[in-house]
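Peer 1: Once you've had a glance at the structure underneath, I'll fire off some questions.
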Amino acid sequence: MKSDLLNGKPIKSIIMFALPIMASSMLQYNYNLVDNIIVGRFVGTDALAAVGNVGSINSFIIGTALGLTSGFTIPVAQNFGADNKIKMNRYAANSISLSLFIGVLIVVLSHFLSRPLLRLIDTPDDIIDMSSSYVNVLYYAVPIQMSLNNFNALSRAVGESKKPLYFLIVSVFVNLGLDLLFVGYFKWGVIGAAWATAISQLVATVLAGLYIIKFNKTLSVKLKDLKLDIKISWKQLKLGIPISLQFTITSIGSMTLQTAVNGFGADVIAGFTAAGRVEQLTNIPMSGLGVGTMTFVSQNYGAGNYNRIVKSVRKIILLDIGVSVVCSLLLVLIGPSVVTLFMTEYNDDIMFAAKHYLWAIAECYSLVAVLFVFRNTLQGLGFTYANTIAGAGEFFGRLAVALIFTPIIGFNAICYAGPVAWLLADIPLVVIYLNKQRQFKRLARGD
């Protein structure tokens, strides 16, 4: 059953639409969580550090790739709202082919970049081989990940947020089984974890693709329509590139920060990694509401419901800030216990790093709520250039902390790098949105 985001109570509609997205995000998060727990317990601390060390590089390459697909489906949602089925189907079909094509190009490029990037962030010699092996396997799955992200975005663009959840449920169980088989039984180490992730993502992609092409009743995507259209591709790229640049810029900042973290040794890297996984978990409700808001805004923008957009964004930001307060409490009260799941035995150095990081994030978590709401709202409106501006703010925040404050303050500076980055991203997003809000109020009045 699809959610009707064009009629009824906006906040209730957004929440109901976002709940399956949150559940899907939780399952996607489990790919990394299961890998980290099994690797940490079956292989050891160095292996956990090796997997965590590639996070910033993984975000740089894979995050950049997935950012493109986030822009490809914005016209699909807008034309769905405008009830223009011909354009909606054209954009949908082209997004499938474009995602796969770019994914293959990125595979080739990423394998040349991975080892130099690991050296660039000062990866310790005792974990660089494991980090390289792990990330190079994951890069083979970039076209798969891009296609999966695109198929799921297409479903959500037309108001269907439940089907992606069903497909991910299947793939998570596949990932868990393969992790235990490859890492626990065959003793393949981090390479086994990477292959388990890639294969399970392939399963989800096949299921999602079959649904979009064969069984989705709103979209009408035929195999013959999958030929790339240069004109449509250019329009989609103009929307996707700014979002991709946001991922690229923020990932470079994260890589710079990871360089500073790596200077503290494997135990601190492991603690930082484990705490980061806990943070990602509490990010899910705010992120899900953000994606739900983006689809709501896109559809209503296409339908010309400007006043509905303005009133709803005002309410959703208050809701998201409330959620952030609850998530902050969870980070402090439950976070340290979750961190221990990554260890075979208690390690004071790992726990010290993890607890300091969790406290710093919890103190400033409302900044994330603001970031998710306004970034996704502007993205849904098609003003994706705001993503690049916000990404630049995040980059300079992390860069300043890594290069200026870490040598002076130490690890505590690293813990507050995220909040500084969020603040510098929030400021331009709020300014841009308030400007657009005034325009929409005039449009709603018919001025």
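Residue numbering restarts at 1 in every chain; chains get A, B, ... in the order shown in the structure tokens, and ligands count up from 1 in that same order.
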Applying 8 Å and only C-alpha atoms, which residues near segment 249-265 of chain A remain after dropping the ones on its own chain fewer than 2 positions away? List them as a PyMOL selection string.

Peer 2: chain A and resi 53+56-57+59-60+120-124+245-247+267-269+272+388+391-392+394-399+401-403+406+411+414+417

Peer 1: Please produce, as a tab-separated table, a per-residue contact table for segment 262-349 of chain A versus segment 141-156 of chain A (criterion: any atom at most 10 Å away, only C-alpha atoms considered), showing the nearest atom pair and its distance in Å to one decimal, sorted by chain then residue number.

Peer 2:
```
residue	atom	partner	partner_atom	distance
A:Val291	CA	A:Arg156	CA	9.0
A:Gly292	CA	A:Arg156	CA	8.5
A:Met294	CA	A:Arg156	CA	10.0
A:Thr295	CA	A:Arg156	CA	7.0
A:Phe296	CA	A:Arg156	CA	9.8
```

Peer 1: Could those residues be written to a file, using C-alpha atoms, as a PDB file, in the first residue's frame?

Peer 2:
```pdb
ATOM      1  CA  VAL A 291      14.060  11.236   3.488  1.00  0.00           C
ATOM      2  CA  GLY A 292      10.318  11.187   4.129  1.00  0.00           C
ATOM      3  CA  MET A 294      12.225  15.073   0.846  1.00  0.00           C
ATOM      4  CA  THR A 295       9.650  12.859  -0.906  1.00  0.00           C
ATOM      5  CA  PHE A 296       6.762  14.814   0.632  1.00  0.00           C
TER       6      PHE A 296
END
```

Peer 1: With only C-alpha atoms as the atoms that count, which of A:Asn94, A:Asn79, A:Gln437, A:Ser200 lies nearest to Trp234 of chain A?

Peer 2: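 Nearest to Trp234 of chain A: A:Asn94.
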
Peer 1: Identify, on the basis of only C-alpha atoms, every residue whose closest approach to Gln280 of chain A does not exceed 12 Å; exclude the query and any residue fewer than 3 positions from it along the same chain; express the result as a list in words.

Peer 2: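 Counting only the stated atoms, we get Met22, Ser25, Met26, Leu27, Gln28, Tyr29, Asn30, Asn32, Leu33, Thr273, Ala274, Ala275, Gly276, Arg277, Asn283, Ile284, Pro285, Met286, Ser287, Cys327, Leu331, Gly335, Leu358, Ile361, Tyr365 and Val368 of chain A.
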
Peer 1: Name all residues at most 7 Å from Ala92 of chain A (count only C-alpha atoms; drop same-chain ones fewer than 3 positions away) and give them as a ChimeraX atom specification.

Peer 2: /A:73,76,88-89,95-96,154

Peer 1: At a cut-off of 8 Å, using only C-alpha atoms, what residues contact segment 5-20 of chain A? Leave out same-chain residues fewer than 6 positions from it and give the result as a PyMOL selection string.

Peer 2: chain A and resi 81+159-162+165+288-289+291-293+296+299-300+303+308+312+315-316

Peer 1: Give me the residues near Ala47 of chain A as a list in words, where near means some atom within 7 Å (using only C-alpha atoms) and where sequence neighbours in that chain fewer than 4 positions away do not count.

Peer 2: Val39, Gly40, Val43, Val51, Met130 and Val190 of chain A

Peer 1: Identify which of the residues A:Asp229, A:Lys163, A:Thr248, A:Tyr91 lies closest to Ala208 of chain A, counting only C-alpha atoms when measuring atom-to-atom distances.

Peer 2: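 The closest residue to Ala208 of chain A is A:Lys163.
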